[in-house]
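Novice: Below is entry_23.txt; it holds compact mmCIF, C-alpha atoms.
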# COMPACT_ATOMS: atom_id res chain seq x y z
CA MET A 398 10.63 77.65 -58.93
CA ARG A 399 10.63 73.83 -58.95
CA SER A 400 13.43 72.07 -60.78
CA GLY A 401 12.95 68.73 -62.48
CA LEU A 402 9.86 69.95 -64.35
CA SER A 403 9.54 70.75 -68.00
CA VAL A 404 6.93 71.53 -70.61
CA CYS A 405 7.45 68.87 -73.26
CA ASP A 406 5.13 70.02 -75.98
CA GLY A 407 2.64 72.76 -76.78
CA LEU A 408 -0.06 72.84 -79.43
CA TYR A 409 -2.01 75.95 -80.40
CA ASP A 410 -4.80 75.14 -82.82
CA ILE A 411 -5.95 78.56 -84.10
CA ARG A 412 -9.18 77.15 -85.53
CA ILE A 413 -10.66 76.55 -82.09
CA PHE A 414 -7.81 77.62 -79.82
CA LEU A 415 -7.12 74.22 -78.37
CA LEU A 416 -4.24 74.59 -75.97
CA GLN A 417 -2.58 71.34 -74.96
CA VAL A 418 0.57 71.16 -72.88
CA LEU A 419 2.39 68.05 -71.70
CA VAL A 420 4.19 68.40 -68.36
CA ASN A 421 6.89 65.97 -67.25
CA THR A 422 7.14 65.80 -63.43
CA GLU A 423 9.89 63.19 -63.20
CA GLY A 424 12.42 64.18 -60.52
CA ALA A 425 10.19 66.90 -59.10
CA GLY A 426 9.36 65.14 -55.86
CA ARG A 427 5.92 64.79 -54.32
CA GLY A 428 3.20 67.26 -55.22
CA SER A 429 0.23 67.99 -57.39
CA LEU A 430 -0.05 69.83 -60.67
CA THR A 431 -2.22 72.91 -61.26
CA ALA A 432 -2.61 74.83 -64.51
CA THR A 433 -4.54 78.06 -65.02
CA LEU A 434 -5.10 80.28 -68.05
CA LYS A 435 -5.54 84.02 -67.33
CA SER A 436 -6.27 87.13 -69.33
CA LYS A 437 -7.15 90.65 -68.19
CA THR A 438 -10.81 89.68 -67.77
CA TYR A 439 -10.75 85.89 -67.59
CA GLU A 440 -9.34 83.07 -65.48
CA ALA A 441 -9.97 79.37 -65.91
CA PRO A 442 -8.34 76.14 -64.77
CA LEU A 443 -7.08 73.71 -67.40
CA LEU A 444 -8.27 70.13 -67.55
CA ILE A 445 -5.43 67.96 -66.24
CA GLU A 446 -5.16 64.29 -67.21
CA ARG A 447 -2.43 61.89 -66.17
CA GLN A 448 -0.96 60.29 -69.30
CA ALA A 449 1.80 58.17 -67.74
CA ARG A 450 3.68 57.86 -64.46
CA PHE A 451 5.28 61.33 -64.59
CA LEU A 452 3.48 62.81 -67.57
CA TYR A 453 0.38 65.02 -67.45
CA ARG A 454 -1.68 66.59 -70.23
CA CYS A 455 -3.19 70.02 -69.55
CA ALA A 456 -5.88 71.14 -71.99
CA PHE A 457 -8.09 74.15 -72.53
CA LEU A 458 -10.61 74.98 -75.28
CA SER A 459 -11.56 78.59 -75.99
CA GLN A 460 -13.24 80.54 -78.75
CA THR A 461 -12.00 83.92 -77.58
CA PRO A 462 -8.83 85.30 -79.16
CA GLY A 463 -6.36 87.26 -77.07
CA THR A 464 -3.19 87.15 -74.99
CA TYR A 465 -3.20 84.78 -72.04
CA SER A 466 -0.84 83.85 -69.23
CA LEU A 467 -0.48 80.12 -68.71
CA ILE A 468 0.41 79.44 -65.08
CA ILE A 469 1.65 75.93 -64.29
CA LYS A 470 2.57 74.96 -60.74
CA TRP A 471 3.81 71.80 -59.03
CA ALA A 472 3.31 71.56 -55.27
CA GLY A 473 2.21 75.21 -55.29
CA GLU A 474 5.40 76.50 -56.97
CA HIS A 475 5.85 77.71 -60.57
CA ILE A 476 7.57 75.27 -62.92
CA PRO A 477 10.50 76.69 -64.93
CA GLY A 478 9.29 79.30 -67.42
CA SER A 479 5.87 79.76 -65.78
CA PRO A 480 3.93 81.90 -66.36
CA PHE A 481 4.04 81.37 -70.14
CA THR A 482 2.56 83.85 -72.64
CA VAL A 483 0.02 82.35 -75.06
CA ASN A 484 -1.25 84.37 -78.01
CA SER A 485 -4.47 83.12 -79.53
CA VAL A 486 -5.24 84.57 -82.93
CA HIS A 487 -8.40 83.39 -84.64
CA LYS A 488 -9.56 84.00 -88.13
CA CYS A 489 -12.70 85.90 -87.27
CA TYR A 490 -14.86 87.68 -89.84
CA PRO A 491 -17.71 89.67 -88.23
CA ASP A 492 -18.52 91.12 -91.67
CA LYS A 493 -19.53 87.61 -92.81
CA VAL A 494 -22.28 87.23 -90.18
CA LYS A 495 -25.73 87.34 -91.81
CA VAL A 496 -28.75 88.56 -89.86
CA ILE A 497 -32.38 88.28 -90.87
CA SER A 498 -34.30 90.66 -88.67
CA LEU A 499 -37.87 91.85 -88.58
CA LYS A 500 -38.48 95.53 -89.19
CA THR A 501 -41.73 95.49 -87.21
CA SER A 502 -43.34 93.21 -84.65
CA LYS A 503 -46.13 93.28 -82.09
CA VAL A 504 -46.03 93.88 -78.37
CA ASN A 505 -46.17 90.72 -76.19
CA GLN A 506 -45.48 88.48 -79.18
CA PRO A 507 -42.17 86.71 -79.80
CA CYS A 508 -39.82 88.54 -82.15
CA ILE A 509 -37.34 86.19 -83.86
CA MET A 510 -34.09 87.02 -85.66
CA ALA A 511 -31.96 84.47 -87.52
CA VAL A 512 -28.19 84.83 -87.25
CA ASP A 513 -25.97 82.80 -89.62
CA THR A 514 -22.31 82.54 -88.59
CA SER A 515 -21.31 79.76 -91.01
CA GLU A 516 -18.83 81.95 -92.94
CA ALA A 517 -17.64 84.09 -90.00
CA GLY A 518 -14.86 81.87 -88.66
CA ILE A 519 -14.50 81.09 -84.98
CA GLY A 520 -16.04 83.59 -82.61
CA VAL A 521 -18.49 84.31 -79.86
CA LEU A 522 -21.98 85.57 -80.64
CA ALA A 523 -23.43 88.25 -78.36
CA ILE A 524 -26.88 89.78 -78.76
CA LYS A 525 -28.26 92.60 -76.64
CA VAL A 526 -31.79 93.90 -77.13
CA SER A 527 -33.10 97.04 -75.45
CA ASP A 528 -36.36 98.97 -75.57
CA GLN A 529 -36.77 102.67 -76.44
CA HIS A 530 -35.83 103.62 -72.85
CA GLY A 531 -32.60 101.61 -72.94
CA LYS A 532 -33.91 98.81 -70.70
CA ASN A 533 -32.41 95.43 -71.60
CA ILE A 534 -34.75 92.64 -72.68
CA ASP A 535 -33.97 88.94 -72.18
CA VAL A 536 -32.93 87.18 -75.38
CA ASN A 537 -33.16 83.41 -75.81
CA LEU A 538 -30.70 81.85 -78.24
CA LYS A 539 -31.37 78.48 -79.84
CA LYS A 540 -29.46 76.55 -82.47
CA ALA A 541 -31.48 76.42 -85.68
CA LYS A 542 -32.58 72.93 -86.71
CA ASP A 543 -31.87 73.51 -90.40
CA ALA A 544 -28.25 74.74 -90.22
CA GLN A 545 -25.17 73.93 -88.16
CA ARG A 546 -23.99 77.49 -87.43
CA LYS A 547 -27.30 79.32 -87.49
CA VAL A 548 -28.83 80.71 -84.29
CA MET A 549 -32.38 81.82 -83.66
CA ALA A 550 -32.59 84.78 -81.28
CA GLU A 551 -35.98 85.35 -79.70
CA PHE A 552 -37.26 88.10 -77.41
CA THR A 553 -40.71 89.25 -76.38
CA PRO A 554 -41.18 93.05 -76.30
CA LYS A 555 -43.36 94.30 -73.46
CA GLN A 556 -44.08 97.79 -74.84
CA THR A 557 -44.49 99.62 -78.13
CA GLY A 558 -41.80 101.78 -79.69
CA HIS A 559 -38.40 101.35 -81.31
CA HIS A 560 -36.29 98.50 -79.95
CA GLN A 561 -32.61 98.05 -80.71
CA ALA A 562 -30.69 94.79 -81.22
CA ILE A 563 -26.91 95.01 -81.02
CA ILE A 564 -25.29 91.91 -82.49
CA LYS A 565 -21.56 91.26 -82.09
CA TRP A 566 -19.25 88.52 -83.28
CA SER A 567 -16.17 88.29 -81.04
CA ARG A 568 -16.83 91.78 -79.64
CA VAL A 569 -17.20 93.43 -83.08
CA GLN A 570 -20.59 94.63 -84.35
CA VAL A 571 -21.84 92.80 -87.41
CA PRO A 572 -23.04 94.65 -90.54
CA GLY A 573 -26.35 96.42 -89.92
CA SER A 574 -25.96 96.44 -86.14
CA PRO A 575 -27.64 97.97 -84.27
CA PHE A 576 -30.85 96.66 -85.83
CA VAL A 577 -33.96 98.75 -85.17
CA ILE A 578 -37.26 96.95 -84.76
CA HIS A 579 -40.48 98.93 -84.47
CA ILE A 580 -42.91 97.33 -82.00
CA VAL A 581 -46.61 98.17 -82.47
Would you kindly transcribe this structure into structure tokens?
Specialist:
Amino acid sequence: MRSGLSVCDGLYDIRIFLLQVLVNTEGAGRGSLTATLKSKTYEAPLLIERQARFLYRCAFLSQTPGTYSLIIKWAGEHIPGSPFTVNSVHKCYPDKVKVISLKTSKVNQPCIMAVDTSEAGIGVLAIKVSDQHGKNIDVNLKKAKDAQRKVMAEFTPKQTGHHQAIIKWSRVQVPGSPFVIHIV
């Protein structure tokens, strides 16, 4: 563990999970700073910006709540206290996601669903569409032109039968999911 290093300040903005940490390297000797955020399924480097002679800002923006380990190293060695535990708790309301879905559509023609997340808080939208045999179908997501937090999900079915659309907001199924669409 390197001495002469300290985390000066930490900010956890639960609206968008903006993690900012200032690291003072004065007295630490020569080296370079690295900062990584890890969870059980995720690892990402933090953006590092030099603020002053011995002061660096490390920043990370995420929309996924959870428990993370923040690993900060100078010259390849952990700074005092590293790894740090960071708990990100978002106000996420999957039950507030609104979906307008077709009940029927035609084979080889685009099928479009509108998903409105404007009242659902911060989260990650995931849509999985499969045919009657369980084969996944590509889904294209586009931001709607008429609303800030509305997404248009489009897929083109290649065969007739019942298709299923599973829609999740931050890993939780939204009301009505899975949606069944009959393709004729």
Novice: Considering all atoms listed in the file, state which residue in the set A:Ala517, A:Ala562, A:Val548, A:Ile476 is at the smallest distance from Val494 (chain A).
Specialist: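 The shortest atom-to-atom distance to Val494 (chain A) comes from A:Ala517.
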Novice: Give me the residues within 12 Å of Trp566 (chain A) as a VMD selection string, counting only C-alpha atoms and dropping any in the same chain fewer than 4 places off.
Specialist: chain A and resid 460 to 462 488 to 496 512 to 525 570 to 572 574
Novice: Could you check which of A:Ser436, A:Gln561, A:Gln506, A:Glu551 is closest to Gly531 (chain A), using all atoms listed in the file?
Specialist: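 That would be A:Gln561, the residue with the smallest distance to Gly531 (chain A).
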Novice: Compile the contact shell of Ile469 (chain A) as a CSV table (one decimal) with C-alpha atoms, keeping the file's coordinate frame: residues with an atom at most 9 Å away, counting all atoms listed in the file, same-chain residues fewer than 6 positions apart removed.
Specialist:
chain,number,residue,atom,x,y,z
A,420,VAL,CA,4.2,68.4,-68.4
A,430,LEU,CA,0.0,69.8,-60.7
A,431,THR,CA,-2.2,72.9,-61.3
A,432,ALA,CA,-2.6,74.8,-64.5
A,433,THR,CA,-4.5,78.1,-65.0
A,434,LEU,CA,-5.1,80.3,-68.0
A,475,HIS,CA,5.8,77.7,-60.6
A,476,ILE,CA,7.6,75.3,-62.9
A,477,PRO,CA,10.5,76.7,-64.9
A,478,GLY,CA,9.3,79.3,-67.4
A,479,SER,CA,5.9,79.8,-65.8
A,480,PRO,CA,3.9,81.9,-66.4
A,481,PHE,CA,4.0,81.4,-70.1
Novice: Could you state the separation of CA of His579 (chain A) and CA of Thr501 (chain A) in Å, given to one decimal place?
Specialist: 4.6 Å
Novice: Determine, counting all atoms listed in the file, which protein, DNA and RNA residues have an atom within 8 Å of an atom of Gln556 (chain A); residues of the same chain fewer than 4 positions away are not included. Present the result as a list in words.
Specialist: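 So the residues in contact are Val504, Asn505, Asp528 and Ile580 of chain A.
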Novice: Next, dump the selected residues to file, keeping only C-alpha atoms, as a PDB file, keeping the file's coordinate frame.
Specialist:
ATOM      1  CA  VAL A 504     -46.030  93.880 -78.370  1.00  0.00           C
ATOM      2  CA  ASN A 505     -46.170  90.720 -76.190  1.00  0.00           C
ATOM      3  CA  ASP A 528     -36.360  98.970 -75.570  1.00  0.00           C
ATOM      4  CA  ILE A 580     -42.910  97.330 -82.000  1.00  0.00           C
TER       5      ILE A 580
END
Novice: Considering only C-alpha atoms, state which residue in the set A:His560, A:Arg447, A:Arg568, A:Arg427 is at the smallest distance from Ser498 (chain A).
Specialist: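 Of all the options, A:His560 lies closest to Ser498 (chain A).
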Novice: Give the padded box for region 450-466 of chain A as JSON: axis-aligned, covering all atoms listed in the file, 5 Å on each side, centre and edge lengths in Å to one decimal.
Specialist:
{"center_x": -4.0, "center_y": 72.6, "center_z": -71.8, "size_x": 28.5, "size_y": 39.4, "size_z": 24.7}
Novice: Go through A:Lys500, A:His559, A:Arg454, A:Lys565 and flag the residue nearest His530 (chain A), using all atoms listed in the file for the distances.
Specialist: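 Of A:Lys500, A:His559, A:Arg454, A:Lys565, the one nearest His530 (chain A), counting all atoms listed in the file, is A:His559.
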Novice: Write out as an MDAnalysis selection string which residues come within 10 Å of Arg450 (chain A) when counting only C-alpha atoms, dropping same-chain ones fewer than 5 positions away.
Specialist: chainID A and resid 421:423
Novice: Those residues you just picked out, can you put them in a file as a JSON list (two decimals), in the coordinates of the input with C-alpha atoms?
Specialist:
[["chain", "number", "residue", "atom", "x", "y", "z"],
["A", 421, "ASN", "CA", 6.89, 65.97, -67.25],
["A", 422, "THR", "CA", 7.14, 65.80, -63.43],
["A", 423, "GLU", "CA", 9.89, 63.19, -63.20]]
Novice: For Val526 (chain A), which residue among A:Leu538, A:Ile497, A:Ala550, A:Ile563 is the nearest when counting all atoms listed in the file?
Specialist: A:Ile563
Novice: Record the distance separating CA of Ala544 (chain A) and CA of Gly463 (chain A), expressed in Å with one decimal.
Specialist: 28.4 Å
Novice: Smallest atom-to-atom distance to Gly426 (chain A): which of A:Pro507, A:Ala441, A:Ala472, A:Leu467, using all atoms listed in the file?
Specialist: A:Ala472
Novice: Quick check, in Å to one decimal: how far apart do CA of Val536 (chain A) and CA of Thr464 (chain A) lie?
Specialist: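 Interatomic distance, CA of Val536 (chain A) to CA of Thr464 (chain A): 29.7 Å.
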